[in-house]
>>> print(open('target-v4.txt').read())   # compact mmCIF, N, CA and C atoms
# COMPACT_ATOMS: atom_id res chain seq x y z
N CYS J 241 237.82 93.37 47.28
CA CYS J 241 238.74 92.72 46.37
C CYS J 241 239.21 91.37 46.96
N VAL J 242 239.59 91.38 48.23
CA VAL J 242 240.05 90.16 48.88
C VAL J 242 238.90 89.16 48.99
N ALA J 243 237.72 89.67 49.32
CA ALA J 243 236.55 88.78 49.43
C ALA J 243 236.27 88.13 48.08
N GLY J 244 236.44 88.88 47.01
CA GLY J 244 236.23 88.34 45.67
C GLY J 244 237.22 87.23 45.33
N ILE J 245 238.45 87.43 45.73
CA ILE J 245 239.47 86.41 45.48
C ILE J 245 239.13 85.14 46.27
N VAL J 246 238.68 85.32 47.50
CA VAL J 246 238.30 84.16 48.32
C VAL J 246 237.14 83.42 47.67
N VAL J 247 236.12 84.15 47.23
CA VAL J 247 234.97 83.52 46.57
C VAL J 247 235.41 82.80 45.30
N SER J 248 236.25 83.44 44.53
CA SER J 248 236.73 82.83 43.29
C SER J 248 237.49 81.53 43.58
N GLU J 249 238.32 81.54 44.61
CA GLU J 249 239.06 80.33 44.97
C GLU J 249 238.13 79.23 45.47
N LEU J 250 237.09 79.62 46.21
CA LEU J 250 236.13 78.63 46.68
C LEU J 250 235.33 78.02 45.52
N CYS J 251 235.15 78.76 44.47
CA CYS J 251 234.40 78.27 43.30
C CYS J 251 235.27 77.51 42.32
N TYR J 252 236.56 77.64 42.44
CA TYR J 252 237.47 77.04 41.47
C TYR J 252 237.27 75.53 41.36
N GLY J 253 237.16 74.88 42.49
CA GLY J 253 236.98 73.43 42.49
C GLY J 253 235.68 73.02 41.83
N PHE J 254 234.63 73.79 42.05
CA PHE J 254 233.35 73.51 41.43
C PHE J 254 233.44 73.64 39.91
N MET J 255 234.12 74.68 39.46
CA MET J 255 234.23 74.91 38.01
C MET J 255 235.11 73.86 37.34
N ARG J 256 236.12 73.33 38.03
CA ARG J 256 237.03 72.35 37.46
C ARG J 256 236.45 70.94 37.47
N ASP J 257 235.49 70.68 38.34
CA ASP J 257 234.92 69.34 38.49
C ASP J 257 233.99 69.05 37.31
N SER J 258 234.41 68.12 36.44
CA SER J 258 233.62 67.82 35.24
C SER J 258 232.35 67.04 35.54
N SER J 259 232.21 66.55 36.76
CA SER J 259 230.98 65.82 37.11
C SER J 259 229.81 66.76 37.41
N ASN J 260 230.11 68.04 37.61
CA ASN J 260 229.05 69.02 37.84
C ASN J 260 228.38 69.39 36.52
N ASP J 261 227.16 69.87 36.60
CA ASP J 261 226.39 70.27 35.43
C ASP J 261 227.16 71.34 34.64
N PRO J 262 227.39 71.11 33.34
CA PRO J 262 228.15 72.09 32.54
C PRO J 262 227.49 73.47 32.50
N GLU J 263 226.18 73.52 32.47
CA GLU J 263 225.50 74.81 32.45
C GLU J 263 225.72 75.56 33.77
N ALA J 264 225.68 74.84 34.88
CA ALA J 264 225.92 75.46 36.19
C ALA J 264 227.37 75.93 36.29
N ARG J 265 228.29 75.14 35.81
CA ARG J 265 229.69 75.54 35.81
C ARG J 265 229.90 76.79 34.98
N ASP J 266 229.21 76.86 33.83
CA ASP J 266 229.32 78.03 32.96
C ASP J 266 228.75 79.27 33.65
N GLN J 267 227.63 79.13 34.36
CA GLN J 267 227.05 80.26 35.06
C GLN J 267 227.99 80.78 36.15
N VAL J 268 228.59 79.85 36.88
CA VAL J 268 229.53 80.25 37.93
C VAL J 268 230.75 80.91 37.29
N TYR J 269 231.21 80.37 36.17
CA TYR J 269 232.36 80.96 35.48
C TYR J 269 232.06 82.38 35.01
N GLN J 270 230.84 82.61 34.54
CA GLN J 270 230.48 83.95 34.05
C GLN J 270 230.62 85.01 35.15
N TYR J 271 230.39 84.63 36.39
CA TYR J 271 230.50 85.59 37.49
C TYR J 271 231.85 85.55 38.21
N TYR J 272 232.45 84.35 38.33
CA TYR J 272 233.63 84.20 39.18
C TYR J 272 234.76 83.42 38.52
N GLY J 273 234.78 83.31 37.21
CA GLY J 273 235.76 82.48 36.53
C GLY J 273 237.14 83.07 36.42
N THR J 274 237.24 84.39 36.34
CA THR J 274 238.55 85.05 36.22
C THR J 274 238.60 86.17 37.26
N PHE J 275 239.79 86.73 37.40
CA PHE J 275 239.96 87.82 38.36
C PHE J 275 239.08 89.01 37.99
N THR J 276 239.10 89.40 36.72
CA THR J 276 238.31 90.56 36.30
C THR J 276 236.81 90.30 36.42
N ARG J 277 236.37 89.10 36.11
CA ARG J 277 234.95 88.77 36.27
C ARG J 277 234.56 88.82 37.75
N THR J 278 235.44 88.33 38.60
CA THR J 278 235.17 88.33 40.03
C THR J 278 235.10 89.76 40.57
N ILE J 279 236.03 90.59 40.17
CA ILE J 279 236.04 91.98 40.64
C ILE J 279 234.78 92.69 40.16
N LEU J 280 234.39 92.47 38.91
CA LEU J 280 233.17 93.06 38.39
C LEU J 280 231.96 92.56 39.17
N SER J 281 231.92 91.26 39.47
CA SER J 281 230.81 90.71 40.25
C SER J 281 230.77 91.30 41.66
N MET J 282 231.92 91.47 42.28
CA MET J 282 231.95 92.04 43.62
C MET J 282 231.52 93.50 43.60
N PHE J 283 231.89 94.22 42.57
CA PHE J 283 231.43 95.60 42.41
C PHE J 283 229.91 95.62 42.26
N GLU J 284 229.40 94.72 41.44
CA GLU J 284 227.96 94.61 41.23
C GLU J 284 227.25 94.23 42.54
N ILE J 285 227.84 93.35 43.30
CA ILE J 285 227.26 92.95 44.59
C ILE J 285 227.22 94.14 45.55
N MET J 286 228.26 94.94 45.53
CA MET J 286 228.33 96.06 46.46
C MET J 286 227.40 97.21 46.08
N PHE J 287 227.33 97.55 44.79
CA PHE J 287 226.64 98.77 44.38
C PHE J 287 225.41 98.56 43.51
N ALA J 288 225.12 97.36 43.11
CA ALA J 288 224.01 97.17 42.18
C ALA J 288 223.13 96.02 42.64
N ASN J 289 222.63 95.26 41.71
CA ASN J 289 221.73 94.14 41.99
C ASN J 289 222.57 92.93 42.38
N TRP J 290 222.65 92.66 43.66
CA TRP J 290 223.53 91.61 44.15
C TRP J 290 222.88 90.23 44.11
N GLY J 291 221.59 90.16 43.86
CA GLY J 291 220.87 88.90 43.87
C GLY J 291 221.38 87.87 42.87
N PRO J 292 221.48 88.22 41.58
CA PRO J 292 221.92 87.21 40.60
C PRO J 292 223.31 86.64 40.88
N ALA J 293 224.24 87.49 41.24
CA ALA J 293 225.61 87.01 41.51
C ALA J 293 225.64 86.10 42.74
N CYS J 294 224.80 86.38 43.71
CA CYS J 294 224.70 85.53 44.90
C CYS J 294 223.94 84.25 44.59
N ARG J 295 222.84 84.38 43.86
CA ARG J 295 221.97 83.24 43.58
C ARG J 295 222.69 82.16 42.78
N VAL J 296 223.59 82.54 41.90
CA VAL J 296 224.34 81.55 41.10
C VAL J 296 225.11 80.60 42.02
N LEU J 297 225.74 81.17 43.03
CA LEU J 297 226.52 80.33 43.95
C LEU J 297 225.63 79.56 44.91
N VAL J 298 224.57 80.17 45.38
CA VAL J 298 223.67 79.50 46.31
C VAL J 298 222.99 78.32 45.64
N GLU J 299 222.55 78.50 44.42
CA GLU J 299 221.83 77.44 43.71
C GLU J 299 222.75 76.33 43.19
N ASN J 300 223.97 76.69 42.83
CA ASN J 300 224.84 75.72 42.16
C ASN J 300 225.98 75.17 43.01
N VAL J 301 226.54 75.98 43.90
CA VAL J 301 227.73 75.55 44.63
C VAL J 301 227.38 75.16 46.07
N ASN J 302 226.94 76.14 46.87
CA ASN J 302 226.66 75.86 48.27
C ASN J 302 225.75 76.95 48.83
N GLU J 303 224.80 76.55 49.65
CA GLU J 303 223.85 77.50 50.22
C GLU J 303 224.50 78.46 51.22
N TRP J 304 225.65 78.07 51.76
CA TRP J 304 226.32 78.92 52.74
C TRP J 304 226.84 80.22 52.13
N PHE J 305 226.90 80.28 50.82
CA PHE J 305 227.30 81.53 50.19
C PHE J 305 226.28 82.64 50.48
N SER J 306 225.03 82.28 50.73
CA SER J 306 224.03 83.30 51.07
C SER J 306 224.42 84.02 52.35
N VAL J 307 224.90 83.28 53.34
CA VAL J 307 225.33 83.90 54.60
C VAL J 307 226.54 84.79 54.35
N PHE J 308 227.48 84.28 53.56
CA PHE J 308 228.67 85.08 53.24
C PHE J 308 228.27 86.41 52.60
N PHE J 309 227.39 86.36 51.61
CA PHE J 309 227.02 87.59 50.90
C PHE J 309 226.18 88.53 51.78
N LEU J 310 225.35 87.99 52.63
CA LEU J 310 224.59 88.85 53.54
C LEU J 310 225.53 89.59 54.50
N VAL J 311 226.48 88.85 55.06
CA VAL J 311 227.45 89.48 55.96
C VAL J 311 228.30 90.49 55.20
N TYR J 312 228.75 90.11 54.01
CA TYR J 312 229.58 91.00 53.18
C TYR J 312 228.82 92.29 52.88
N ARG J 313 227.57 92.17 52.44
CA ARG J 313 226.77 93.36 52.10
C ARG J 313 226.55 94.24 53.32
N CYS J 314 226.26 93.64 54.46
CA CYS J 314 226.01 94.43 55.67
C CYS J 314 227.28 95.15 56.13
N VAL J 315 228.38 94.43 56.19
CA VAL J 315 229.63 95.03 56.67
C VAL J 315 230.13 96.09 55.69
N MET J 316 230.20 95.75 54.42
CA MET J 316 230.70 96.71 53.44
C MET J 316 229.73 97.88 53.26
N GLY J 317 228.44 97.60 53.27
CA GLY J 317 227.46 98.68 53.15
C GLY J 317 227.56 99.63 54.32
N PHE J 318 227.73 99.09 55.51
CA PHE J 318 227.88 99.92 56.71
C PHE J 318 229.15 100.75 56.61
N ALA J 319 230.25 100.14 56.17
CA ALA J 319 231.52 100.86 56.06
C ALA J 319 231.42 101.97 55.03
N VAL J 320 230.86 101.68 53.86
CA VAL J 320 230.73 102.70 52.81
C VAL J 320 229.80 103.81 53.28
N LEU J 321 228.71 103.43 53.92
CA LEU J 321 227.77 104.43 54.43
C LEU J 321 228.44 105.34 55.45
N ASN J 322 229.26 104.78 56.33
CA ASN J 322 229.96 105.60 57.31
C ASN J 322 230.96 106.54 56.66
N VAL J 323 231.66 106.09 55.65
CA VAL J 323 232.61 106.95 54.95
C VAL J 323 231.88 108.10 54.27
N VAL J 324 230.80 107.79 53.58
CA VAL J 324 230.03 108.83 52.90
C VAL J 324 229.47 109.82 53.92
N SER J 325 228.96 109.31 55.02
CA SER J 325 228.43 110.19 56.06
C SER J 325 229.52 111.08 56.64
N ALA J 326 230.69 110.52 56.88
CA ALA J 326 231.79 111.30 57.43
C ALA J 326 232.21 112.41 56.48
N VAL J 327 232.29 112.11 55.20
CA VAL J 327 232.65 113.13 54.21
C VAL J 327 231.58 114.22 54.17
N PHE J 328 230.32 113.82 54.20
CA PHE J 328 229.23 114.79 54.19
C PHE J 328 229.28 115.70 55.41
N VAL J 329 229.47 115.12 56.59
CA VAL J 329 229.53 115.92 57.82
C VAL J 329 230.73 116.86 57.79
N GLN J 330 231.87 116.37 57.32
CA GLN J 330 233.06 117.20 57.24
C GLN J 330 232.84 118.39 56.33
N GLN J 331 232.23 118.16 55.17
CA GLN J 331 231.97 119.26 54.25
C GLN J 331 230.94 120.23 54.82
N ALA J 332 229.95 119.71 55.51
CA ALA J 332 228.93 120.58 56.11
C ALA J 332 229.56 121.47 57.18
N LEU J 333 230.42 120.89 58.02
CA LEU J 333 231.09 121.68 59.05
C LEU J 333 232.02 122.72 58.44
N LYS J 334 232.71 122.35 57.40
CA LYS J 334 233.60 123.28 56.71
C LYS J 334 232.80 124.44 56.13
N THR J 335 231.67 124.13 55.52
CA THR J 335 230.82 125.17 54.94
C THR J 335 230.24 126.05 56.04
N ALA J 336 229.83 125.45 57.15
CA ALA J 336 229.26 126.23 58.26
C ALA J 336 230.29 127.18 58.84
N SER J 337 231.52 126.72 59.03
CA SER J 337 232.55 127.61 59.57
C SER J 337 232.87 128.71 58.57
N SER J 338 232.85 128.40 57.31
CA SER J 338 233.07 129.40 56.27
C SER J 338 231.95 130.43 56.30
N ASP J 339 230.71 129.97 56.52
CA ASP J 339 229.58 130.89 56.60
C ASP J 339 229.70 131.81 57.80
N ASP J 340 230.18 131.30 58.93
CA ASP J 340 230.39 132.14 60.11
C ASP J 340 231.43 133.22 59.84
N ASP J 341 232.53 132.84 59.21
CA ASP J 341 233.56 133.81 58.86
C ASP J 341 233.01 134.87 57.91
N LEU J 342 232.24 134.43 56.94
CA LEU J 342 231.65 135.35 55.98
C LEU J 342 230.69 136.31 56.67
N ALA J 343 229.86 135.81 57.56
CA ALA J 343 228.92 136.66 58.29
C ALA J 343 229.66 137.65 59.17
N PHE J 344 230.75 137.21 59.81
CA PHE J 344 231.54 138.11 60.65
C PHE J 344 232.16 139.23 59.82
N ARG J 345 232.72 138.89 58.68
CA ARG J 345 233.31 139.92 57.80
C ARG J 345 232.25 140.89 57.29
N GLN J 346 231.07 140.38 56.96
CA GLN J 346 229.99 141.24 56.49
C GLN J 346 229.56 142.19 57.60
N LYS J 347 229.49 141.71 58.83
CA LYS J 347 229.12 142.56 59.96
C LYS J 347 230.16 143.66 60.16
N GLU J 348 231.43 143.32 60.05
CA GLU J 348 232.49 144.33 60.16
C GLU J 348 232.37 145.38 59.07
N ARG J 349 232.07 144.95 57.84
CA ARG J 349 231.88 145.91 56.74
C ARG J 349 230.68 146.81 56.99
N ASP J 350 229.61 146.25 57.53
CA ASP J 350 228.42 147.05 57.83
C ASP J 350 228.73 148.10 58.90
N ILE J 351 229.49 147.70 59.92
CA ILE J 351 229.86 148.64 60.99
C ILE J 351 230.73 149.75 60.42
N ALA J 352 231.70 149.39 59.60
CA ALA J 352 232.58 150.39 59.00
C ALA J 352 231.79 151.36 58.11
N GLN J 353 230.85 150.84 57.34
CA GLN J 353 230.02 151.69 56.49
C GLN J 353 229.15 152.63 57.34
N TYR J 354 228.58 152.12 58.43
CA TYR J 354 227.79 152.95 59.33
C TYR J 354 228.64 154.06 59.94
N ASN J 355 229.86 153.71 60.36
CA ASN J 355 230.78 154.71 60.92
C ASN J 355 231.10 155.80 59.90
N ARG J 356 231.32 155.41 58.64
CA ARG J 356 231.60 156.40 57.58
C ARG J 356 230.40 157.35 57.39
N LYS J 357 229.21 156.78 57.40
CA LYS J 357 228.01 157.62 57.22
C LYS J 357 227.82 158.60 58.38
N VAL J 358 228.02 158.11 59.61
CA VAL J 358 227.88 158.99 60.76
C VAL J 358 228.95 160.08 60.73
N LYS J 359 230.17 159.72 60.38
CA LYS J 359 231.25 160.71 60.29
C LYS J 359 230.94 161.74 59.22
N LYS J 360 230.41 161.29 58.09
CA LYS J 360 230.04 162.21 57.00
C LYS J 360 228.93 163.15 57.46
N LEU J 361 227.96 162.62 58.23
CA LEU J 361 226.87 163.43 58.76
C LEU J 361 227.42 164.51 59.68
N PHE J 362 228.30 164.13 60.62
CA PHE J 362 228.85 165.12 61.54
C PHE J 362 229.74 166.13 60.83
N CYS J 363 230.45 165.70 59.80
CA CYS J 363 231.28 166.64 59.03
C CYS J 363 230.39 167.65 58.30
N SER J 364 229.25 167.19 57.80
CA SER J 364 228.36 168.11 57.10
C SER J 364 227.68 169.08 58.07
N ILE J 365 227.46 168.65 59.32
CA ILE J 365 226.87 169.53 60.34
C ILE J 365 227.90 170.55 60.82
N ASP J 366 229.18 170.12 60.92
CA ASP J 366 230.24 171.00 61.42
C ASP J 366 230.59 172.02 60.33
N GLY J 367 229.90 173.12 60.35
CA GLY J 367 230.12 174.17 59.34
C GLY J 367 231.45 174.87 59.50
N SER J 368 231.95 175.01 60.72
CA SER J 368 233.20 175.72 60.95
C SER J 368 234.41 174.86 60.62
N GLY J 369 234.23 173.57 60.60
CA GLY J 369 235.34 172.67 60.28
C GLY J 369 236.33 172.50 61.41
N ASP J 370 235.94 172.84 62.63
CA ASP J 370 236.86 172.72 63.76
C ASP J 370 236.81 171.35 64.43
N GLY J 371 235.92 170.45 63.97
CA GLY J 371 235.84 169.10 64.53
C GLY J 371 234.89 169.01 65.70
N ALA J 372 234.20 170.08 66.00
CA ALA J 372 233.23 170.09 67.09
C ALA J 372 231.93 170.71 66.58
N ILE J 373 230.83 170.24 67.12
CA ILE J 373 229.52 170.77 66.71
C ILE J 373 229.03 171.68 67.83
N THR J 374 228.77 172.92 67.46
CA THR J 374 228.24 173.86 68.43
C THR J 374 226.73 173.76 68.44
N LEU J 375 226.12 174.42 69.42
CA LEU J 375 224.68 174.41 69.54
C LEU J 375 224.03 175.09 68.33
N ASP J 376 224.67 176.15 67.84
CA ASP J 376 224.13 176.83 66.65
C ASP J 376 224.16 175.92 65.43
N GLU J 377 225.27 175.17 65.24
CA GLU J 377 225.37 174.24 64.10
C GLU J 377 224.34 173.13 64.23
N PHE J 378 224.11 172.68 65.45
CA PHE J 378 223.17 171.60 65.67
C PHE J 378 221.73 172.04 65.44
N THR J 379 221.40 173.25 65.81
CA THR J 379 220.04 173.76 65.66
C THR J 379 219.72 174.07 64.21
N LYS J 380 220.69 174.21 63.35
CA LYS J 380 220.44 174.47 61.93
C LYS J 380 219.86 173.25 61.23
N LEU J 381 219.97 172.05 61.84
CA LEU J 381 219.41 170.85 61.25
C LEU J 381 217.94 171.01 61.11
>>> encode(input="target-v4.txt", output="structure tokens")
Amino acid sequence: CVAGIVVSELCYGFMRDSSNDPEARDQVYQYYGTFTRTILSMFEIMFANWGPACRVLVENVNEWFSVFFLVYRCVMGFAVLNVVSAVFVQQALKTASSDDDLAFRQKERDIAQYNRKVKKLFCSIDGSGDGAITLDEFTKL
């Protein structure tokens, strides 16, 4: 946003100078003539086809705008890429820790179910119901 305002201010003199080509002034105005046009152009430069918005200034105002836009794209692209990467890594780590918790709970449920089955087996073997399995009860299996 700030970079757009700077570009717009740098173009203001070119657009106001009646000695410049009217068609060139109109092209620059279409991209950088108002605040909303500038913001839209900067959004387009950041996320879409940045060539036309850059080329208008390079061809009509000053070639140094190419350096400005290259630096802007590299710095902003790197910053946006880092933010997206950080969000992705954070979500992946959150999901991974959630998966570990889920696997731990599932293991606990499996152990509890196994314990219930073994207890049921020993209860079915214990015919006397005294809580102990004798040799006779065991041999009946």
>>> closest_residue(input="target-v4.txt", among="J:Gln353, J:Lys380, J:Asn300, J:Ser306", to="Asp366 in chain J", atoms="only C-alpha atoms")
J:Lys380
>>> atom_distance(input="target-v4.txt", atom1="atom C of Glu348 in chain J", atom2="CA of Gly367 in chain J")
28.9 Å
>>> select_by_dssp(input="target-v4.txt", residues="chain J", states="helix (DSSP H, G or I)", output="ChimeraX atom specification")
/J:242-256,262-272,275-287,291-300,305-365,375-379
>>> atom_distance(input="target-v4.txt", atom1="atom N of Gly369 in chain J", atom2="atom C of Lys357 in chain J")
16.4 Å
>>> residues_around(input="target-v4.txt", residues="range 249-261 of chain J", least_positions_apart="5", cutoff="8 Å", atoms="all atoms listed in the file", output="count of residues only")
10
>>> atom_distance(input="target-v4.txt", atom1="atom N of Val327 in chain J", atom2="atom N of Asn289 in chain J")
23.6 Å
>>> axis_aligned_box(input="target-v4.txt", around="range 318-337 of chain J", padding_each_side="8 Å", output="AutoDock Vina command-line options")
--center_x 230.7 --center_y 113.9 --center_z 56.2 --size_x 21.9 --size_y 45.6 --size_z 22.8
